[in-house]
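As provided, run.cif (mmCIF, C-alpha atoms) reads as follows.
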```cif
data_model
#
loop_
_atom_site.label_atom_id
_atom_site.label_comp_id
_atom_site.auth_asym_id
_atom_site.auth_seq_id
_atom_site.Cartn_x
_atom_site.Cartn_y
_atom_site.Cartn_z
CA MET A 1 -37.51 -132.56 63.30
CA TRP A 2 -34.91 -134.09 61.00
CA VAL A 3 -34.22 -130.64 59.52
CA ALA A 4 -33.32 -129.28 62.96
CA THR A 5 -31.09 -132.31 63.58
CA VAL A 6 -29.24 -131.85 60.30
CA ALA A 7 -28.81 -128.15 60.99
CA ALA A 8 -27.36 -128.91 64.39
CA LEU A 9 -24.91 -131.40 62.89
CA VAL A 10 -23.82 -128.92 60.23
CA PHE A 11 -23.30 -126.27 62.90
CA ALA A 12 -21.27 -128.69 65.02
CA CYS A 13 -19.09 -129.57 62.02
CA LEU A 14 -18.48 -126.04 60.81
CA PHE A 15 -17.91 -124.27 64.08
CA SER A 16 -15.25 -124.80 66.68
CA VAL A 17 -14.31 -123.57 70.11
CA HIS A 18 -10.96 -122.68 71.64
CA GLU A 19 -9.31 -124.81 74.30
CA TYR A 20 -7.37 -123.01 77.00
CA ALA A 21 -4.61 -123.99 79.40
CA SER A 22 -5.52 -121.86 82.39
CA GLY A 23 -3.97 -121.39 85.79
CA PRO A 24 -3.18 -118.95 88.57
CA ALA A 25 -0.71 -116.22 87.65
CA VAL A 26 1.39 -113.61 89.41
CA VAL A 27 2.80 -110.28 88.24
CA ARG A 28 6.57 -109.95 88.46
CA VAL A 29 8.75 -106.90 87.90
CA ASP A 30 12.02 -107.92 86.23
CA GLY A 31 15.17 -106.65 87.89
CA ARG A 32 13.39 -105.85 91.15
CA ARG A 33 15.88 -106.22 94.00
CA THR A 34 14.77 -107.23 97.47
CA VAL A 35 17.01 -105.88 100.24
CA THR A 36 17.26 -108.11 103.30
CA ALA A 37 18.95 -107.90 106.68
CA THR A 38 22.33 -109.60 106.90
CA ILE A 39 22.80 -109.34 110.68
CA PRO A 40 20.54 -109.15 113.75
CA ALA A 41 19.79 -105.45 114.28
CA THR A 42 17.17 -102.89 115.27
CA VAL A 43 15.93 -100.30 112.78
CA GLU A 44 16.95 -96.79 113.84
CA GLN A 45 15.56 -94.72 110.96
CA VAL A 46 13.90 -95.22 107.56
CA LEU A 47 15.19 -92.47 105.27
CA VAL A 48 13.06 -93.02 102.13
CA GLN A 49 9.42 -93.27 101.13
CA PRO A 50 7.67 -95.69 98.73
CA GLY A 51 7.84 -94.38 95.19
CA GLU A 52 10.99 -92.36 95.82
CA HIS A 53 13.67 -92.52 93.13
CA VAL A 54 17.16 -93.34 94.42
CA LYS A 55 20.65 -93.83 93.03
CA ALA A 56 22.76 -96.91 93.70
CA GLY A 57 24.51 -96.48 97.04
CA THR A 58 21.89 -94.13 98.50
CA LEU A 59 21.42 -94.66 102.25
CA LEU A 60 17.93 -96.10 102.74
CA VAL A 61 17.77 -97.36 106.31
CA ASN A 62 19.96 -96.88 109.38
CA MET A 63 20.24 -99.61 111.98
CA HIS A 64 20.97 -98.92 115.64
CA ASP A 65 24.77 -98.72 115.82
CA THR A 66 25.69 -96.91 119.04
CA GLU A 67 28.17 -99.57 120.17
CA GLU A 68 29.65 -100.03 116.71
CA ALA A 69 30.08 -96.27 116.20
CA ALA A 70 31.77 -95.94 119.60
CA GLU A 71 34.15 -98.79 118.80
CA LEU A 72 35.05 -97.21 115.45
CA ARG A 73 35.77 -93.86 117.12
CA ARG A 74 37.94 -95.53 119.76
CA VAL A 75 40.01 -97.53 117.27
CA SER A 76 40.33 -94.53 114.90
CA THR A 77 41.60 -92.34 117.74
CA GLU A 78 44.19 -94.92 118.76
CA PHE A 79 45.26 -95.28 115.14
CA GLU A 80 45.76 -91.53 114.74
CA LEU A 81 47.77 -91.27 117.97
CA GLU A 82 50.00 -94.15 116.95
CA LEU A 83 50.45 -92.60 113.50
CA VAL A 84 51.65 -89.35 115.12
CA ARG A 85 54.08 -91.36 117.21
CA LEU A 86 55.48 -93.07 114.12
CA LEU A 87 55.81 -89.78 112.24
CA ARG A 88 57.89 -88.42 115.09
CA ASP A 89 60.20 -91.46 114.98
CA PRO A 90 59.97 -93.39 111.68
CA THR A 91 62.45 -95.95 113.06
CA ASP A 92 60.15 -96.98 115.91
CA VAL A 93 59.54 -100.68 115.15
CA VAL A 94 56.98 -101.10 117.95
CA ALA A 95 54.94 -98.18 116.60
CA LYS A 96 54.96 -99.72 113.11
CA GLN A 97 53.67 -103.06 114.40
CA THR A 98 51.04 -101.40 116.60
CA LEU A 99 49.90 -99.21 113.72
CA ALA A 100 49.44 -102.24 111.45
CA GLY A 101 47.31 -103.97 114.06
CA LEU A 102 45.20 -100.86 114.64
CA ARG A 103 44.68 -100.40 110.90
CA SER A 104 43.24 -103.92 110.70
CA LYS A 105 40.97 -103.26 113.69
CA ARG A 106 39.83 -99.94 112.22
CA ASP A 107 38.93 -101.55 108.87
CA GLN A 108 37.03 -104.29 110.67
CA ALA A 109 35.12 -101.74 112.74
CA ARG A 110 34.23 -99.81 109.57
CA ASN A 111 32.92 -102.96 107.91
CA ILE A 112 30.82 -103.87 110.93
CA ARG A 113 29.28 -100.41 111.03
CA ALA A 114 28.71 -100.44 107.26
CA GLU A 115 26.59 -103.58 107.68
CA ARG A 116 24.14 -101.44 109.63
CA GLU A 117 23.75 -98.96 106.79
CA ILE A 118 21.26 -100.28 104.23
CA ARG A 119 21.97 -98.76 100.81
CA ALA A 120 20.28 -98.99 97.42
CA PRO A 121 21.78 -101.84 95.35
CA ILE A 122 20.72 -100.24 92.04
CA ASP A 123 19.26 -97.06 90.57
CA GLY A 124 15.51 -97.33 90.80
CA THR A 125 12.28 -96.70 92.65
CA VAL A 126 11.72 -97.68 96.27
CA GLY A 127 8.72 -99.84 96.95
CA ASP A 128 7.29 -102.27 99.47
CA ILE A 129 8.97 -100.94 102.64
CA ARG A 130 8.51 -103.65 105.26
CA VAL A 131 10.18 -102.10 108.31
CA ARG A 132 9.66 -99.26 110.77
CA ALA A 133 11.80 -97.50 113.37
CA GLY A 134 12.35 -99.66 116.44
CA GLN A 135 11.68 -102.95 114.66
CA ARG A 136 14.00 -105.85 115.44
CA LEU A 137 15.31 -107.72 112.40
CA ASN A 138 16.91 -111.11 111.96
CA PRO A 139 19.17 -112.17 109.08
CA GLY A 140 17.09 -112.77 105.96
CA ASP A 141 14.19 -110.50 106.97
CA THR A 142 12.97 -108.33 104.09
CA ILE A 143 13.62 -104.60 104.52
CA LEU A 144 12.38 -103.12 101.23
CA ALA A 145 12.59 -103.51 97.47
CA VAL A 146 14.00 -101.36 94.68
CA ALA A 147 12.73 -101.69 91.10
CA PRO A 148 14.79 -100.33 88.19
CA LYS A 149 13.37 -97.51 86.10
CA ASP A 150 11.24 -98.70 83.17
CA ALA A 151 11.40 -102.23 84.52
CA ARG A 152 9.87 -104.96 82.40
CA VAL A 153 6.58 -106.31 83.77
CA VAL A 154 5.74 -109.98 83.15
CA VAL A 155 3.03 -112.41 84.13
CA VAL A 156 4.09 -115.88 85.30
CA ALA A 157 1.35 -118.52 85.19
CA ALA A 158 1.32 -122.09 86.49
CA VAL A 159 -0.83 -124.19 84.14
CA SER A 160 -1.42 -127.93 84.01
CA GLY A 161 1.62 -129.91 82.89
CA ASP A 162 -0.63 -131.95 80.59
CA TYR A 163 -0.55 -129.03 78.14
CA ARG A 164 3.27 -128.86 77.87
CA PRO A 165 3.43 -130.41 74.35
CA MET A 166 1.00 -127.78 73.05
CA LEU A 167 2.55 -124.73 74.72
CA ALA A 168 4.92 -122.60 72.67
CA LYS A 169 6.22 -119.08 72.32
CA GLY A 170 3.80 -116.73 70.57
CA LEU A 171 0.53 -118.30 71.71
CA PRO A 172 -2.14 -115.79 72.79
CA VAL A 173 -2.77 -115.30 76.51
CA ARG A 174 -5.75 -113.68 78.21
CA PHE A 175 -4.96 -112.32 81.67
CA SER A 176 -7.14 -110.77 84.34
CA LEU A 177 -6.17 -109.57 87.80
CA ASP A 178 -7.97 -110.77 90.90
CA GLY A 179 -10.43 -108.03 91.77
CA PHE A 180 -10.64 -106.97 88.11
CA HIS A 181 -12.08 -110.15 86.60
CA TYR A 182 -13.64 -108.45 83.59
CA GLU A 183 -10.60 -106.31 82.75
CA TYR A 184 -8.73 -108.58 80.36
CA ARG A 185 -5.28 -108.02 78.87
CA ASP A 186 -4.35 -109.79 75.67
CA LEU A 187 -0.75 -110.94 75.96
CA GLU A 188 1.56 -113.35 74.18
CA VAL A 189 3.59 -116.26 75.50
CA GLU A 190 7.22 -115.23 75.74
CA GLU A 191 8.70 -118.25 77.48
CA VAL A 192 7.66 -121.76 78.55
CA SER A 193 9.56 -123.78 81.14
CA GLU A 194 11.30 -126.80 79.65
CA GLU A 195 10.36 -129.13 82.48
CA VAL A 196 7.10 -130.11 84.12
CA ILE A 197 7.36 -129.47 87.86
CA GLY A 198 5.28 -129.90 90.99
CA PRO A 199 3.48 -127.20 93.04
CA LEU A 200 6.25 -127.14 95.64
CA GLU A 201 8.85 -126.39 92.97
CA VAL A 202 6.62 -123.59 91.66
CA LYS A 203 6.58 -122.08 95.15
CA ARG A 204 10.38 -122.30 95.35
CA TYR A 205 10.63 -120.56 91.98
CA LEU A 206 8.40 -117.72 93.15
CA GLY A 207 10.48 -117.26 96.30
CA GLN A 208 9.66 -116.93 99.96
CA GLU A 209 7.70 -113.71 99.55
CA LEU A 210 5.24 -115.13 97.01
CA SER A 211 5.30 -118.84 97.85
CA ASP A 212 1.80 -118.70 99.32
CA ALA A 213 0.38 -116.14 96.91
CA LEU A 214 -0.93 -118.63 94.36
CA GLU A 215 -3.56 -121.22 95.17
CA MET A 216 -2.75 -124.27 93.09
CA GLN A 217 -4.38 -127.63 92.73
CA ALA A 218 -2.26 -130.74 93.03
CA GLY A 219 -0.61 -132.13 89.94
CA PRO A 220 2.19 -131.33 87.49
CA LYS A 221 2.65 -127.71 86.41
CA VAL A 222 4.29 -125.77 83.61
CA LEU A 223 5.43 -122.17 84.05
CA VAL A 224 4.38 -119.83 81.27
CA THR A 225 5.71 -116.27 81.05
CA ALA A 226 4.04 -113.47 79.12
CA ARG A 227 5.23 -109.90 78.86
CA VAL A 228 3.00 -106.93 79.72
CA ASP A 229 3.76 -104.03 77.38
CA THR A 230 2.74 -101.30 79.83
CA SER A 231 3.19 -100.84 83.57
CA THR A 232 -0.42 -99.67 84.01
CA PHE A 233 -3.95 -100.79 83.16
CA THR A 234 -7.30 -99.01 83.13
CA SER A 235 -10.50 -100.02 84.88
CA ASP A 236 -13.70 -97.94 84.57
CA GLY A 237 -11.61 -95.14 83.13
CA VAL A 238 -9.23 -95.06 86.11
CA PRO A 239 -5.54 -95.94 85.56
CA TYR A 240 -3.85 -98.36 87.95
CA GLY A 241 -0.32 -99.71 88.17
CA TYR A 242 0.95 -103.26 88.01
CA TYR A 243 2.81 -104.18 91.19
CA ASP A 244 5.05 -107.12 91.91
CA GLY A 245 3.06 -109.88 93.58
CA LEU A 246 -0.41 -109.09 92.20
CA THR A 247 -2.25 -112.28 91.34
CA GLY A 248 -4.78 -113.21 88.69
CA LEU A 249 -5.82 -115.79 86.13
CA ALA A 250 -4.05 -116.54 82.84
CA GLU A 251 -5.60 -118.48 79.98
CA VAL A 252 -3.35 -119.68 77.16
CA ARG A 253 -5.17 -120.56 73.94
CA VAL A 254 -3.63 -123.87 72.90
CA ARG A 255 -5.89 -125.18 70.11
CA ARG A 256 -9.23 -125.02 68.32
CA GLN A 257 -11.57 -127.97 68.35
CA PRO A 258 -14.74 -128.59 66.31
CA ILE A 259 -17.84 -128.72 68.47
CA LEU A 260 -18.74 -132.09 66.96
CA THR A 261 -15.53 -133.75 68.19
CA MET A 262 -16.22 -132.41 71.65
CA LEU A 263 -19.59 -134.10 71.57
CA VAL A 264 -18.24 -137.29 69.96
CA PRO A 265 -14.49 -137.63 70.77
CA ALA A 266 -14.16 -140.72 68.54
CA LEU A 267 -14.63 -138.49 65.49
CA LYS A 268 -11.20 -136.88 66.07
CA THR A 269 -9.66 -139.74 64.06
CA VAL A 270 -11.74 -139.02 60.94
CA LEU A 271 -12.32 -135.26 60.99
CA PRO A 272 -9.52 -132.91 59.90
#
```

File written out as structure tokens:
Amino acid sequence: MWVATVAALVFACLFSVHEYASGPAVVRVDGRRTVTATIPATVEQVLVQPGEHVKAGTLLVNMHDTEEAAELRRVSTEFELELVRLLRDPTDVVAKQTLAGLRSKRDQARNIRAEREIRAPIDGTVGDIRVRAGQRLNPGDTILAVAPKDARVVVVAAVSGDYRPMLAKGLPVRFSLDGFHYEYRDLEVEEVSEEVIGPLEVKRYLGQELSDALEMQAGPKVLVTARVDTSTFTSDGVPYGYYDGLTGLAEVRVRRQPILTMLVPALKTVLP
């Protein structure tokens, strides 16, 4: 009996286990631009498809603009007629003043109509189209997103703030997506937030679109960022892509601890 006890003690002294700071995590695509409505409007036509590559300035969505287009045509016609009048008599002071006023109105009408043309803010790939023809939008409503080519994919995890002193750049991270719990990716901590924050602040950091994506327990949190080297992963031999907003679990290995000190915490003061 005593032999088994001694063997168990030796095992507990020689072997150790890893301690992890774990928490819910979300996939983010760096540089991804969300395009939102700036004015109340109704979608007339969606001109792109998810996955389509576009250049900056490409027209993506047209809003209903019948009244705005008519006003621009009217003001432009008046401007052209007044310009002809001035060309006939360059000394016509009234024509000069009228032309200046019409130019201002024409520019304003152009700007108003331009607000109803949704264009790509950057070169990239269209994704996450949230609108359809005939849909009414209010200011701030999400229309679609554009991700730059070869965008960097990162995982942002919210772990317990108690681990902040032990968290540092370079620590190993094990990450698995929800729905793929046994498909682990070995990553490395790239950045740790300087401050410990609450769950509400984490939600504000993630933004309106992802504020409810992570289920977090109450208590202080630390944001840990790890880079994913590839934009795809493989499960059962099938390749899949990482998409902005996917959630999972991240586990940051913070330290090793002898099994004996786990069984008898008081021994931490005497064991190396």

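With all atoms listed in the file as the atoms that count, the minimum distance from Tyr184 of chain A to the choices A:Ala250, A:Ala213, A:Leu200, A:Leu86 is reached by A:Ala250.
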
query = Selected by the PyMOL selection byres ((chain A and resi 201-209) around 12) in the shown coordinates: which residues, as an MDAnalysis selection string?
reply = chainID A and resid 24:28 34 36 128 130 140:145 155:161 193 195:200 210:224 244:246

ask   = Between atom CA of Gln108 of chain A and atom CA of Phe79 of chain A, what is the distance, to one decimal in Å?
value =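 Computed distance, atom CA of Gln108 of chain A to atom CA of Phe79 of chain A, equals 13.0 Å.
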
ask   = What is the distance, in Å and to one decimal place, between atom CA of Val48 of chain A and atom CA of Ala120 of chain A?
value = 10.5 Å

query = Do you know which residues are at most 9 Å from Leu167 of chain A counting all atoms listed in the file, after dropping those on the same chain fewer than 3 positions away, and could you put them as a PyMOL selection string?
reply = chain A and resi 21+163-164+171+189+192+224+252-254

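Distance cut-off 6 Å, centre (12.8, -99.9, 96.8), atoms counted all atoms listed in the file; the residues meeting this are Thr125, Val126, Gly127, Leu144, Ala145, Val146 and Ala147 of chain A.
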
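Matched in the shown structure by the PyMOL selection byres ((chain A and resi 177) around 7): Phe175, Ser176, Asp178, Gly179, Phe180, His181, Thr247, Gly248 and Leu249 of chain A.
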
Residue with smallest distance to Glu194 of chain A - pool A:Val173, A:Leu99, A:Ala168, A:Leu81, counting all atoms listed in the file = A:Ala168

task = List, as a ChimeraX atom specification, every residue that the PyMOL selection byres ((chain A and resi 62) around 12) selects in the file provided.
result = /A:37,41-48,58-61,63-66,113-119,131-135,143

Using the file's own x, y and z axes, so that the box edges lie along x, y and z, what centre and edge lengths in Å (one decimal) does a box around every listed atom of segment 87-95 of chain A get when 8 Å is added on each side? Give it as AutoDock Vina command-line options.
```
--center_x 58.7 --center_y -94.8 --center_z 114.8 --size_x 23.5 --size_y 28.7 --size_z 22.3
```

query = Could you work out how far atom CA of Ile122 of chain A lies from atom CA of Val154 of chain A, giving the answer in Å with one decimal?
reply = 20.0 Å
